[in-house]
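A.B. asks: This is run.cif (mmCIF, C-alpha atoms).
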```
data_upload
#
loop_
_atom_site.label_atom_id
_atom_site.label_comp_id
_atom_site.auth_asym_id
_atom_site.auth_seq_id
_atom_site.Cartn_x
_atom_site.Cartn_y
_atom_site.Cartn_z
CA MET H 1 -52.22 2.76 9.69
CA LYS H 2 -51.38 3.85 13.22
CA THR H 3 -47.98 2.72 14.45
CA ALA H 4 -48.15 0.43 17.49
CA ILE H 5 -45.93 0.98 20.53
CA LEU H 6 -44.62 -2.29 21.96
CA SER H 7 -42.90 -2.95 25.27
CA PRO H 8 -39.95 -5.39 25.53
CA ASN H 9 -42.49 -7.97 26.73
CA ASN H 10 -44.00 -7.90 23.23
CA VAL H 11 -40.75 -8.76 21.44
CA GLN H 12 -42.30 -11.96 20.00
CA GLN H 13 -44.97 -9.89 18.24
CA ALA H 14 -42.25 -7.62 16.86
CA ALA H 15 -40.38 -10.65 15.49
CA LYS H 16 -43.60 -11.99 13.94
CA TRP H 17 -44.21 -8.71 12.12
CA LEU H 18 -40.61 -8.57 10.87
CA ASN H 19 -40.96 -12.13 9.57
CA GLU H 20 -44.06 -10.99 7.65
CA GLY H 21 -42.00 -8.29 5.91
CA LYS H 22 -43.26 -5.40 8.03
CA LEU H 23 -41.18 -2.57 9.51
CA VAL H 24 -40.50 -2.37 13.25
CA ALA H 25 -38.28 0.25 14.90
CA PHE H 26 -36.01 -1.20 17.57
CA PRO H 27 -33.79 0.11 20.38
CA THR H 28 -30.02 -0.03 20.53
CA GLU H 29 -27.46 1.56 22.84
CA THR H 30 -26.71 4.21 20.18
CA VAL H 31 -29.98 5.35 18.52
CA TYR H 32 -33.25 3.69 17.52
CA GLY H 33 -33.06 1.70 14.29
CA LEU H 34 -35.70 1.07 11.64
CA GLY H 35 -35.84 -2.70 11.34
CA ALA H 36 -36.68 -5.01 8.47
CA ASP H 37 -35.72 -8.58 7.61
CA ALA H 38 -32.32 -8.17 5.93
CA THR H 39 -32.97 -11.22 3.72
CA ASN H 40 -36.24 -9.76 2.37
CA SER H 41 -35.42 -7.36 -0.46
CA GLN H 42 -38.93 -5.93 -0.60
CA ALA H 43 -38.95 -5.24 3.15
CA ALA H 44 -35.55 -3.55 2.87
CA GLN H 45 -36.87 -1.40 0.03
CA SER H 46 -39.74 -0.35 2.31
CA VAL H 47 -37.17 1.05 4.76
CA TYR H 48 -35.88 3.46 2.11
CA LEU H 49 -39.43 4.52 1.27
CA ALA H 50 -40.48 5.06 4.89
CA LYS H 51 -37.43 7.20 5.63
CA GLY H 52 -37.23 8.98 2.29
CA ARG H 53 -33.69 7.64 2.11
CA PRO H 54 -31.60 7.68 -1.11
CA SER H 55 -31.29 4.16 -2.51
CA ASP H 56 -27.48 4.34 -2.83
CA ASN H 57 -27.09 4.83 0.93
CA PRO H 58 -26.25 1.32 2.26
CA LEU H 59 -27.99 -0.20 5.29
CA ILE H 60 -26.26 -1.55 8.40
CA VAL H 61 -27.12 -5.19 9.09
CA HIS H 62 -27.69 -6.00 12.77
CA VAL H 63 -26.80 -9.49 14.02
CA ASN H 64 -26.88 -11.38 17.31
CA GLY H 65 -23.26 -12.50 17.12
CA PRO H 66 -20.29 -13.40 14.91
CA LYS H 67 -21.82 -16.74 13.83
CA MET H 68 -24.60 -14.91 12.00
CA VAL H 69 -22.07 -12.59 10.30
CA TRP H 70 -20.21 -15.46 8.62
CA GLN H 71 -23.41 -16.75 7.04
CA TYR H 72 -23.34 -13.65 4.84
CA ALA H 73 -19.79 -12.25 4.85
CA ASP H 74 -16.70 -13.54 3.06
CA ILE H 75 -14.07 -14.88 5.46
CA GLN H 76 -11.00 -13.20 3.91
CA GLN H 77 -10.85 -10.63 6.74
CA LYS H 78 -12.06 -13.05 9.41
CA ASP H 79 -9.04 -12.96 11.76
CA THR H 80 -9.01 -9.15 12.01
CA ALA H 81 -12.79 -8.99 12.23
CA MET H 82 -12.92 -11.56 15.02
CA LYS H 83 -10.38 -9.60 17.09
CA LEU H 84 -12.63 -6.55 16.80
CA MET H 85 -15.80 -8.51 17.57
CA ASP H 86 -14.18 -10.06 20.64
CA ALA H 87 -13.09 -6.63 21.88
CA PHE H 88 -16.10 -4.46 21.08
CA TRP H 89 -19.21 -6.58 20.47
CA PRO H 90 -21.90 -6.19 21.54
CA GLY H 91 -21.30 -2.48 21.20
CA PRO H 92 -21.14 0.62 18.99
CA LEU H 93 -18.79 -0.71 16.29
CA THR H 94 -19.92 -1.47 12.73
CA ILE H 95 -17.58 -3.56 10.58
CA ILE H 96 -17.65 -3.49 6.77
CA LEU H 97 -16.79 -6.83 5.13
CA PRO H 98 -17.04 -8.38 1.65
CA VAL H 99 -20.45 -9.97 1.13
CA LYS H 100 -20.84 -13.53 -0.12
CA ALA H 101 -22.26 -13.58 -3.64
CA GLY H 102 -26.05 -13.82 -3.69
CA LYS H 103 -26.47 -13.75 0.09
CA LEU H 104 -27.90 -10.24 0.47
CA SER H 105 -29.65 -8.10 -2.10
CA LYS H 106 -28.20 -4.96 -3.65
CA THR H 107 -31.04 -3.11 -1.92
CA VAL H 108 -29.33 -3.81 1.42
CA THR H 109 -25.76 -3.16 0.24
CA GLY H 110 -26.58 -0.01 -1.74
CA GLY H 111 -25.33 -1.75 -4.88
CA LEU H 112 -21.92 -2.55 -3.40
CA ASP H 113 -20.18 -5.91 -2.92
CA THR H 114 -19.59 -5.07 0.74
CA VAL H 115 -21.91 -5.05 3.74
CA ALA H 116 -21.79 -3.43 7.17
CA PHE H 117 -22.45 -5.56 10.28
CA ARG H 118 -23.10 -4.63 13.90
CA MET H 119 -24.08 -6.45 17.09
CA PRO H 120 -26.06 -3.93 19.17
CA ASP H 121 -25.67 -3.83 22.95
CA ASN H 122 -29.36 -4.11 23.79
CA GLU H 123 -30.84 -7.31 25.21
CA THR H 124 -34.31 -6.68 23.76
CA THR H 125 -32.99 -6.26 20.22
CA LEU H 126 -30.62 -9.23 20.50
CA GLN H 127 -33.63 -11.30 21.58
CA LEU H 128 -35.59 -9.89 18.62
CA ILE H 129 -32.89 -10.99 16.16
CA SER H 130 -32.65 -14.44 17.77
CA LEU H 131 -36.42 -14.93 17.58
CA LEU H 132 -36.42 -13.92 13.91
CA ASP H 133 -33.30 -16.07 13.36
CA LYS H 134 -32.22 -13.68 10.64
CA PRO H 135 -30.32 -10.39 10.61
CA ILE H 136 -32.23 -7.11 10.45
CA VAL H 137 -31.32 -3.93 8.63
CA GLY H 138 -31.41 -0.91 10.88
CA PRO H 139 -30.71 2.63 9.71
CA SER H 140 -31.72 5.31 12.19
CA ALA H 141 -35.50 5.34 12.63
CA ASN H 142 -36.14 8.90 11.49
CA THR H 143 -37.00 10.88 8.41
CA SER H 144 -33.85 10.95 6.29
CA GLY H 145 -31.71 14.00 7.04
CA LYS H 146 -33.31 14.74 10.42
CA PRO H 147 -31.61 14.33 13.84
CA SER H 148 -31.36 10.68 14.83
CA PRO H 149 -33.89 9.34 17.38
CA THR H 150 -32.79 8.55 20.92
CA LEU H 151 -36.34 8.01 22.24
CA ALA H 152 -39.30 6.03 20.93
CA GLU H 153 -41.20 9.33 20.91
CA HIS H 154 -38.74 10.69 18.33
CA VAL H 155 -39.45 7.70 16.09
CA TYR H 156 -43.20 8.13 16.49
CA HIS H 157 -42.93 11.84 15.61
CA ASP H 158 -41.26 11.04 12.26
CA LEU H 159 -42.69 7.68 11.25
CA ASN H 160 -46.16 7.27 12.77
CA GLY H 161 -48.39 5.75 10.10
CA LYS H 162 -45.40 4.72 7.96
CA ILE H 163 -44.22 1.69 9.95
CA THR H 164 -46.02 -1.11 11.79
CA ALA H 165 -44.53 -0.77 15.27
CA ILE H 166 -41.91 0.69 17.60
CA LEU H 167 -40.28 -1.53 20.21
CA ASP H 168 -39.86 0.93 23.09
CA ASP H 169 -37.02 0.21 25.52
CA GLY H 170 -36.56 3.73 26.87
CA PRO H 171 -33.81 6.25 26.08
CA THR H 172 -30.63 5.09 24.37
CA ARG H 173 -27.40 5.14 26.40
CA VAL H 174 -24.77 6.35 23.92
CA GLY H 175 -26.80 8.76 21.77
CA LEU H 176 -24.48 8.80 18.74
CA GLU H 177 -24.41 6.21 15.97
CA SER H 178 -21.73 3.54 15.89
CA THR H 179 -18.17 3.86 14.65
CA VAL H 180 -17.99 2.41 11.12
CA LEU H 181 -14.73 0.60 10.24
CA ASP H 182 -14.02 -0.59 6.70
CA LEU H 183 -11.98 -3.80 6.62
CA THR H 184 -12.17 -4.08 2.82
CA SER H 185 -9.73 -1.22 2.19
CA GLU H 186 -5.95 -1.72 2.06
CA VAL H 187 -5.66 -0.23 5.55
CA PRO H 188 -8.58 -0.56 8.01
CA THR H 189 -10.35 2.79 7.73
CA ILE H 190 -12.85 4.64 9.91
CA LEU H 191 -15.60 5.92 7.62
CA ARG H 192 -17.73 7.34 10.43
CA PRO H 193 -16.43 8.17 13.92
CA GLY H 194 -18.36 7.02 16.95
CA ALA H 195 -17.98 6.00 20.59
CA ILE H 196 -15.23 3.48 19.72
CA SER H 197 -12.23 5.74 19.06
CA LEU H 198 -9.34 5.49 16.61
CA GLU H 199 -7.00 4.88 19.55
CA GLN H 200 -9.11 2.00 20.90
CA LEU H 201 -9.17 0.31 17.50
CA ARG H 202 -5.40 0.66 17.10
CA GLU H 203 -4.87 -1.04 20.45
CA VAL H 204 -6.64 -4.13 19.11
CA ILE H 205 -5.57 -4.42 15.44
CA GLY H 206 -2.67 -1.99 15.00
CA THR H 207 -2.75 0.35 12.01
CA VAL H 208 -6.05 2.16 11.47
CA GLN H 209 -6.69 5.37 9.54
CA SER H 210 -9.57 7.85 9.22
CA ASP H 211 -11.23 8.69 5.92
CA HIS H 212 -11.87 12.41 5.46
CA HIS H 213 -12.59 12.52 1.72
CA GLN H 214 -15.81 14.04 0.42
CA VAL H 215 -18.07 11.55 -1.36
CA GLN H 216 -18.82 12.88 -4.84
CA ALA H 217 -22.19 13.04 -6.62
CA GLY H 218 -21.73 9.86 -8.64
CA GLU H 219 -19.96 7.89 -5.91
CA ILE H 220 -21.76 5.28 -3.79
CA PRO H 221 -20.83 5.69 -0.10
CA LYS H 222 -19.69 2.57 1.76
CA ALA H 223 -21.31 3.72 5.00
CA PRO H 224 -24.28 5.82 6.09
CA GLY H 225 -23.70 9.50 6.81
CA MET H 226 -20.90 10.02 4.27
CA LYS H 227 -22.73 11.63 1.36
CA TYR H 228 -26.07 13.17 2.19
CA LYS H 229 -27.17 15.91 4.57
CA HIS H 230 -27.74 14.45 8.02
CA TYR H 231 -28.93 15.29 11.51
CA ALA H 232 -30.30 18.71 10.50
CA PRO H 233 -33.18 20.48 12.28
CA GLN H 234 -35.23 23.14 10.50
CA ALA H 235 -33.27 25.96 12.18
CA GLN H 236 -29.74 26.86 11.08
CA VAL H 237 -27.21 25.42 13.51
CA ILE H 238 -24.16 27.61 14.18
CA ILE H 239 -21.20 26.00 15.94
CA ILE H 240 -19.47 28.06 18.63
CA ASP H 241 -15.89 26.79 18.78
CA SER H 242 -14.76 28.92 21.72
CA ILE H 243 -16.78 29.55 24.88
CA SER H 244 -15.69 33.19 24.73
CA ASP H 245 -17.48 33.51 21.37
CA PHE H 246 -20.93 32.75 22.79
CA ALA H 247 -21.51 36.33 23.97
CA PRO H 248 -20.72 38.02 20.63
CA ALA H 249 -22.64 35.31 18.77
CA ILE H 250 -25.71 35.91 20.92
CA THR H 251 -25.41 39.68 20.38
CA ARG H 252 -25.25 39.20 16.61
CA ILE H 253 -28.28 36.91 16.53
CA GLU H 254 -30.26 39.25 18.80
CA HIS H 255 -29.77 42.01 16.21
CA LYS H 256 -31.58 39.82 13.70
CA LYS H 257 -34.66 39.97 15.97
CA VAL H 258 -35.63 36.34 15.40
CA PRO H 259 -36.07 33.54 17.96
CA PHE H 260 -32.95 31.47 18.60
CA ALA H 261 -31.77 28.74 21.00
CA VAL H 262 -28.56 27.88 22.81
CA MET H 263 -27.25 24.37 23.55
CA ALA H 264 -24.13 24.04 25.69
CA GLU H 265 -22.69 22.51 28.85
CA GLN H 266 -24.45 23.70 32.00
CA LYS H 267 -21.36 25.57 33.19
CA VAL H 268 -21.37 27.54 29.92
CA LEU H 269 -25.08 28.34 30.13
CA ASP H 270 -24.53 29.57 33.70
CA GLN H 271 -21.97 32.10 32.45
CA LEU H 272 -24.16 33.58 29.73
CA ASP H 273 -26.35 36.65 30.15
CA LEU H 274 -29.64 35.09 29.01
CA THR H 275 -33.21 36.02 29.86
CA PRO H 276 -35.35 33.42 31.66
CA ALA H 277 -37.49 33.18 28.52
CA GLN H 278 -34.52 32.26 26.29
CA GLU H 279 -34.72 28.69 24.94
CA THR H 280 -31.73 26.65 26.10
CA PHE H 281 -30.72 23.00 26.38
CA SER H 282 -28.11 21.83 28.86
CA LEU H 283 -25.64 19.33 27.42
CA GLY H 284 -24.64 18.32 30.93
CA GLU H 285 -21.21 18.51 32.49
CA SER H 286 -18.89 16.78 30.01
CA LEU H 287 -18.21 15.78 26.43
CA ALA H 288 -19.70 12.36 27.21
CA SER H 289 -23.00 13.86 28.33
CA ALA H 290 -22.95 16.33 25.42
CA SER H 291 -22.56 13.45 22.96
CA HIS H 292 -25.34 11.51 24.65
CA LEU H 293 -27.70 14.52 24.53
CA LEU H 294 -26.77 16.05 21.15
CA PHE H 295 -29.64 14.58 19.13
CA ALA H 296 -32.12 15.08 21.96
CA ALA H 297 -31.24 18.79 21.97
CA LEU H 298 -31.62 19.16 18.22
CA ARG H 299 -34.90 17.23 18.36
CA GLN H 300 -36.30 19.46 21.12
CA PHE H 301 -35.58 22.66 19.22
CA ASP H 302 -36.95 21.16 16.01
CA LEU H 303 -40.37 20.93 17.69
CA ASN H 304 -40.49 24.75 17.77
CA PRO H 305 -40.71 25.99 14.16
CA GLN H 306 -40.28 29.60 15.32
CA ILE H 307 -36.62 29.01 16.19
CA LYS H 308 -34.44 30.17 13.29
CA TYR H 309 -30.94 29.68 14.75
CA ILE H 310 -29.35 27.24 17.18
CA LEU H 311 -26.03 28.22 18.77
CA ALA H 312 -24.29 24.94 19.63
CA GLN H 313 -21.13 24.36 21.65
CA GLY H 314 -18.23 22.80 19.78
CA PHE H 315 -15.55 20.53 21.26
CA SER H 316 -12.07 19.44 20.24
CA ALA H 317 -12.38 16.80 17.51
CA SER H 318 -10.36 14.10 19.26
CA GLY H 319 -11.48 10.89 20.94
CA LEU H 320 -15.25 11.00 21.48
CA GLY H 321 -15.10 14.62 20.30
CA ALA H 322 -14.44 13.36 16.76
CA ALA H 323 -17.85 11.66 16.73
CA TYR H 324 -19.63 14.62 18.36
CA MET H 325 -18.13 17.13 15.92
CA ASN H 326 -18.79 14.86 12.93
CA ARG H 327 -22.51 14.88 13.72
CA LEU H 328 -22.63 18.55 14.73
CA ASN H 329 -20.78 19.69 11.59
CA LYS H 330 -23.24 17.77 9.43
CA SER H 331 -26.24 19.23 11.27
CA ALA H 332 -24.79 22.73 10.83
CA GLY H 333 -23.64 22.29 7.24
CA ASN H 334 -20.15 23.13 8.60
CA THR H 335 -21.33 26.58 9.69
CA HIS H 336 -19.07 27.97 12.44
CA PHE H 337 -19.35 31.36 14.13
CA LYS H 338 -16.76 33.90 13.01
CA THR H 339 -16.08 37.07 14.98
CA GLN H 340 -15.98 38.97 11.69
CA GLU H 341 -18.85 38.34 9.30
CA ASP H 342 -17.91 37.64 5.67
#
```
Take the structure in this file and express it as structure tokens.

C.D. replies:
Amino acid sequence: MKTAILSPNNVQQAAKWLNEGKLVAFPTETVYGLGADATNSQAAQSVYLAKGRPSDNPLIVHVNGPKMVWQYADIQQKDTAMKLMDAFWPGPLTIILPVKAGKLSKTVTGGLDTVAFRMPDNETTLQLISLLDKPIVGPSANTSGKPSPTLAEHVYHDLNGKITAILDDGPTRVGLESTVLDLTSEVPTILRPGAISLEQLREVIGTVQSDHHQVQAGEIPKAPGMKYKHYAPQAQVIIIDSISDFAPAITRIEHKKVPFAVMAEQKVLDQLDLTPAQETFSLGESLASASHLLFAALRQFDLNPQIKYILAQGFSASGLGAAYMNRLNKSAGNTHFKTQED
């Protein structure tokens, strides 16, 4: 099977294939998702198989509005949830709610009695969901553990021949997956940081906390990205926390006499003593552009199997930086450059 590439004009064909239980990757403002009919347990199982995704890693359910949510979610947190939906939907916020008994299979929920909902900010995908008239599951459309896809080409690279089609709507705007907020805990809790910050959520619903605990081997995570290795290219990513550490880090890697790459803001790259042949990726001029381009950078370097190390610029883990550093730390396995080697 060769995976078809569809334009937004072919959204009806994409909906038809989803209704038949087939897999179609779709665009959002964050990353591309791997879509299947959320009410079709067999189709949802196919998502895990196509990605090589562990079966206890729950799937986010994408909807076209709050009305669709309440067909499947229990209403006990409805007031708080509606405040969040009014403020941030469509947009990069995923909300975890109790699921109504028997409404969605354990394949979708990862065996939990909760489910994660999101309304993506992409007109093509909202039209797709409306044409299907059912929610669609949508984990990132990549091989499990690899950097998330921000272009249709990234999806094709990983999943060609494994899925029926890719609905191509160009590059994503945000570039990092959504913030995941758990409303089933005693205090609303961020399980995965994203473009919607802790401060923004507190402005709408008051008390919100962040969850920093490590998910254990026998524990089922409530949200994607909490338990398993994520976003990792073949090369070892090393995080450079201080701009002044780039020079000694480069010197140390050069002594290893292996190919390496550097990804940083343009102003940082301009300061470094690099040869014209050195592989680099500009993360732009700000944290916002760095967040948008993070996965694209990791993807580009992953296409060159000769690269053994990637030196990546770190940022302060506050605001949007919390989301950027969450993804970068996972891609690096929490490996940070130290001026003195252990």

A.B. asks: Which residues, protein or nucleic acid, reach to within 6 Å of (-27.6, -3.9, 8.0) in the file's coordinates when using all atoms listed in the file, and can you give that as JSON, numbers by chain?

C.D. replies: {"H": [59, 60, 61, 62, 116, 117, 137, 138]}

A.B. asks: Please expand the PyMOL selection byres ((chain H and resi 25) around 7) into the concrete residues it hits in this file, giving the result as a ChimeraX atom specification.

C.D. replies: /H:23-24,26,32-35,141,165-167

A.B. asks: Which of these residues is nearest to Ile96 in chain H, using only C-alpha atoms: H:Asp79, H:Asp121, H:Glu153, H:Asp182?

C.D. replies: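 Using only C-alpha atoms, Ile96 in chain H sits closest to H:Asp182.
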
A.B. asks: Can you tell me which residues surround range 161-164 of chain H at a distance of at most 10 Å, considering all atoms listed in the file, apart from same-chain residues fewer than 4 positions away, and format the answer as a PDB file with C-alpha atoms, in the frame of the given file?

C.D. replies:
```
ATOM      1  CA  MET H   1     -52.220   2.760   9.690  1.00  0.00           C
ATOM      2  CA  LYS H   2     -51.380   3.850  13.220  1.00  0.00           C
ATOM      3  CA  THR H   3     -47.980   2.720  14.450  1.00  0.00           C
ATOM      4  CA  ALA H   4     -48.150   0.430  17.490  1.00  0.00           C
ATOM      5  CA  ILE H   5     -45.930   0.980  20.530  1.00  0.00           C
ATOM      6  CA  ALA H  14     -42.250  -7.620  16.860  1.00  0.00           C
ATOM      7  CA  TRP H  17     -44.210  -8.710  12.120  1.00  0.00           C
ATOM      8  CA  LEU H  18     -40.610  -8.570  10.870  1.00  0.00           C
ATOM      9  CA  LYS H  22     -43.260  -5.400   8.030  1.00  0.00           C
ATOM     10  CA  LEU H  23     -41.180  -2.570   9.510  1.00  0.00           C
ATOM     11  CA  VAL H  24     -40.500  -2.370  13.250  1.00  0.00           C
ATOM     12  CA  ALA H  25     -38.280   0.250  14.900  1.00  0.00           C
ATOM     13  CA  LEU H  34     -35.700   1.070  11.640  1.00  0.00           C
ATOM     14  CA  GLY H  35     -35.840  -2.700  11.340  1.00  0.00           C
ATOM     15  CA  SER H  46     -39.740  -0.350   2.310  1.00  0.00           C
ATOM     16  CA  VAL H  47     -37.170   1.050   4.760  1.00  0.00           C
ATOM     17  CA  LEU H  49     -39.430   4.520   1.270  1.00  0.00           C
ATOM     18  CA  ALA H  50     -40.480   5.060   4.890  1.00  0.00           C
ATOM     19  CA  LYS H  51     -37.430   7.200   5.630  1.00  0.00           C
ATOM     20  CA  ALA H 141     -35.500   5.340  12.630  1.00  0.00           C
ATOM     21  CA  VAL H 155     -39.450   7.700  16.090  1.00  0.00           C
ATOM     22  CA  TYR H 156     -43.200   8.130  16.490  1.00  0.00           C
ATOM     23  CA  HIS H 157     -42.930  11.840  15.610  1.00  0.00           C
TER      24      HIS H 157
END
```

A.B. asks: Applied to the shown file, which residues does the PyMOL selection byres ((chain H and resi 247) around 12) return, written as a VMD selection string?

C.D. replies: chain H and resid 240 242 to 246 248 to 254 262 268 to 269 271 to 274 311 337 339

A.B. asks: List the spatial neighbours of Val187 in chain H as a list of chain:residue names - criterion: any atom at most 8 Å away, only C-alpha atoms, same-chain residues fewer than 5 positions off excluded.

C.D. replies: H:Thr207, H:Val208, H:Gln209

A.B. asks: Skip range 281-284 of chain H itself and residues of its chain fewer than 4 positions away, then list as a VMD selection string all residues within 6 Å of it, counting all atoms listed in the file.

C.D. replies: chain H and resid 263 to 266 289 to 290 293

A.B. asks: Kindly give the distance, in Å, that separates CA of Asp113 in chain H and CA of Tyr48 in chain H, rounded to a single decimal.

C.D. replies: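 Separating CA of Asp113 in chain H from CA of Tyr48 in chain H is a distance of 19.0 Å.
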
A.B. asks: Apply the PyMOL selection byres ((chain H and resi 261) around 6) to the displayed file and report the matching residues as a ChimeraX atom specification.

C.D. replies: /H:260,262,279-280,310

A.B. asks: What separation in Å, quoted to one decimal, exists between CA of Val115 in chain H and CA of Phe88 in chain H?

C.D. replies: 18.3 Å

A.B. asks: What is the distance, in Å and to one decimal place, between CA of Pro139 in chain H and CA of Pro233 in chain H?

C.D. replies: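 CA of Pro233 in chain H lies 18.2 Å from CA of Pro139 in chain H.
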
A.B. asks: Set the distance at 12 Å and use all atoms listed in the file: which residues neighbour Ala317 in chain H once local chain neighbours fewer than 2 positions away are removed? I'd like the list as a tab-separated table (two decimals) with C-alpha atoms, in the frame of the given file.

C.D. replies:
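Contents of the output file around_8.tsv:
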```
chain	number	residue	atom	x	y	z
H	193	PRO	CA	-16.43	8.17	13.92
H	194	GLY	CA	-18.36	7.02	16.95
H	197	SER	CA	-12.23	5.74	19.06
H	198	LEU	CA	-9.34	5.49	16.61
H	241	ASP	CA	-15.89	26.79	18.78
H	287	LEU	CA	-18.21	15.78	26.43
H	314	GLY	CA	-18.23	22.80	19.78
H	315	PHE	CA	-15.55	20.53	21.26
H	319	GLY	CA	-11.48	10.89	20.94
H	320	LEU	CA	-15.25	11.00	21.48
H	321	GLY	CA	-15.10	14.62	20.30
H	322	ALA	CA	-14.44	13.36	16.76
H	323	ALA	CA	-17.85	11.66	16.73
H	324	TYR	CA	-19.63	14.62	18.36
H	325	MET	CA	-18.13	17.13	15.92
H	326	ASN	CA	-18.79	14.86	12.93
H	327	ARG	CA	-22.51	14.88	13.72
H	328	LEU	CA	-22.63	18.55	14.73
H	329	ASN	CA	-20.78	19.69	11.59
```

A.B. asks: Find, counting only C-alpha atoms, the residue in H:Ser7, H:Gln313, H:Asn122, H:Ser185 that gets nearest to Leu97 in chain H.

C.D. replies: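 The answer is H:Ser185, which sits nearest to Leu97 in chain H.
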
A.B. asks: Which of these, H:Pro90, H:Pro149, H:Gly102, H:Pro259, has the shortest distance to Tyr309 in chain H once you count only C-alpha atoms?

C.D. replies: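 The answer is H:Pro259, which sits nearest to Tyr309 in chain H.
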
A.B. asks: Applying 8 Å and only C-alpha atoms, which residues near Ile205 in chain H remain after dropping the ones on its own chain fewer than 4 positions away? List them as a list in words.

C.D. replies: Thr80, Lys83, Leu84 and Leu201 of chain H

A.B. asks: Okay, now the selection with C-alpha atoms, as a PDB file, in the coordinates of the input?

C.D. replies:
```pdb
ATOM      1  CA  THR H  80      -9.010  -9.150  12.010  1.00  0.00           C
ATOM      2  CA  LYS H  83     -10.380  -9.600  17.090  1.00  0.00           C
ATOM      3  CA  LEU H  84     -12.630  -6.550  16.800  1.00  0.00           C
ATOM      4  CA  LEU H 201      -9.170   0.310  17.500  1.00  0.00           C
TER       5      LEU H 201
END
```

A.B. asks: Of the residues H:Leu303, H:Ala288, H:Leu159, H:Ile239, which is the one nearest to Thr335 in chain H, using only C-alpha atoms?

C.D. replies: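 Among H:Leu303, H:Ala288, H:Leu159, H:Ile239, it is H:Ile239 that comes nearest to Thr335 in chain H.
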
A.B. asks: Find the axis-aligned box for range 19-29 of chain H, covering all its listed atoms and adding 4 Å on each side, and write its centre and edge lengths in Å to one decimal as AutoDock Vina command-line options.

C.D. replies:
```
--center_x -35.8 --center_y -5.3 --center_z 14.4 --size_x 24.6 --size_y 21.7 --size_z 24.9
```

A.B. asks: Name the closest residue to Ser178 in chain H among the candidates H:Glu20, H:Asp270, H:Glu199, H:Glu29; distances are taken between atoms, counting all atoms listed in the file.

C.D. replies: H:Glu29
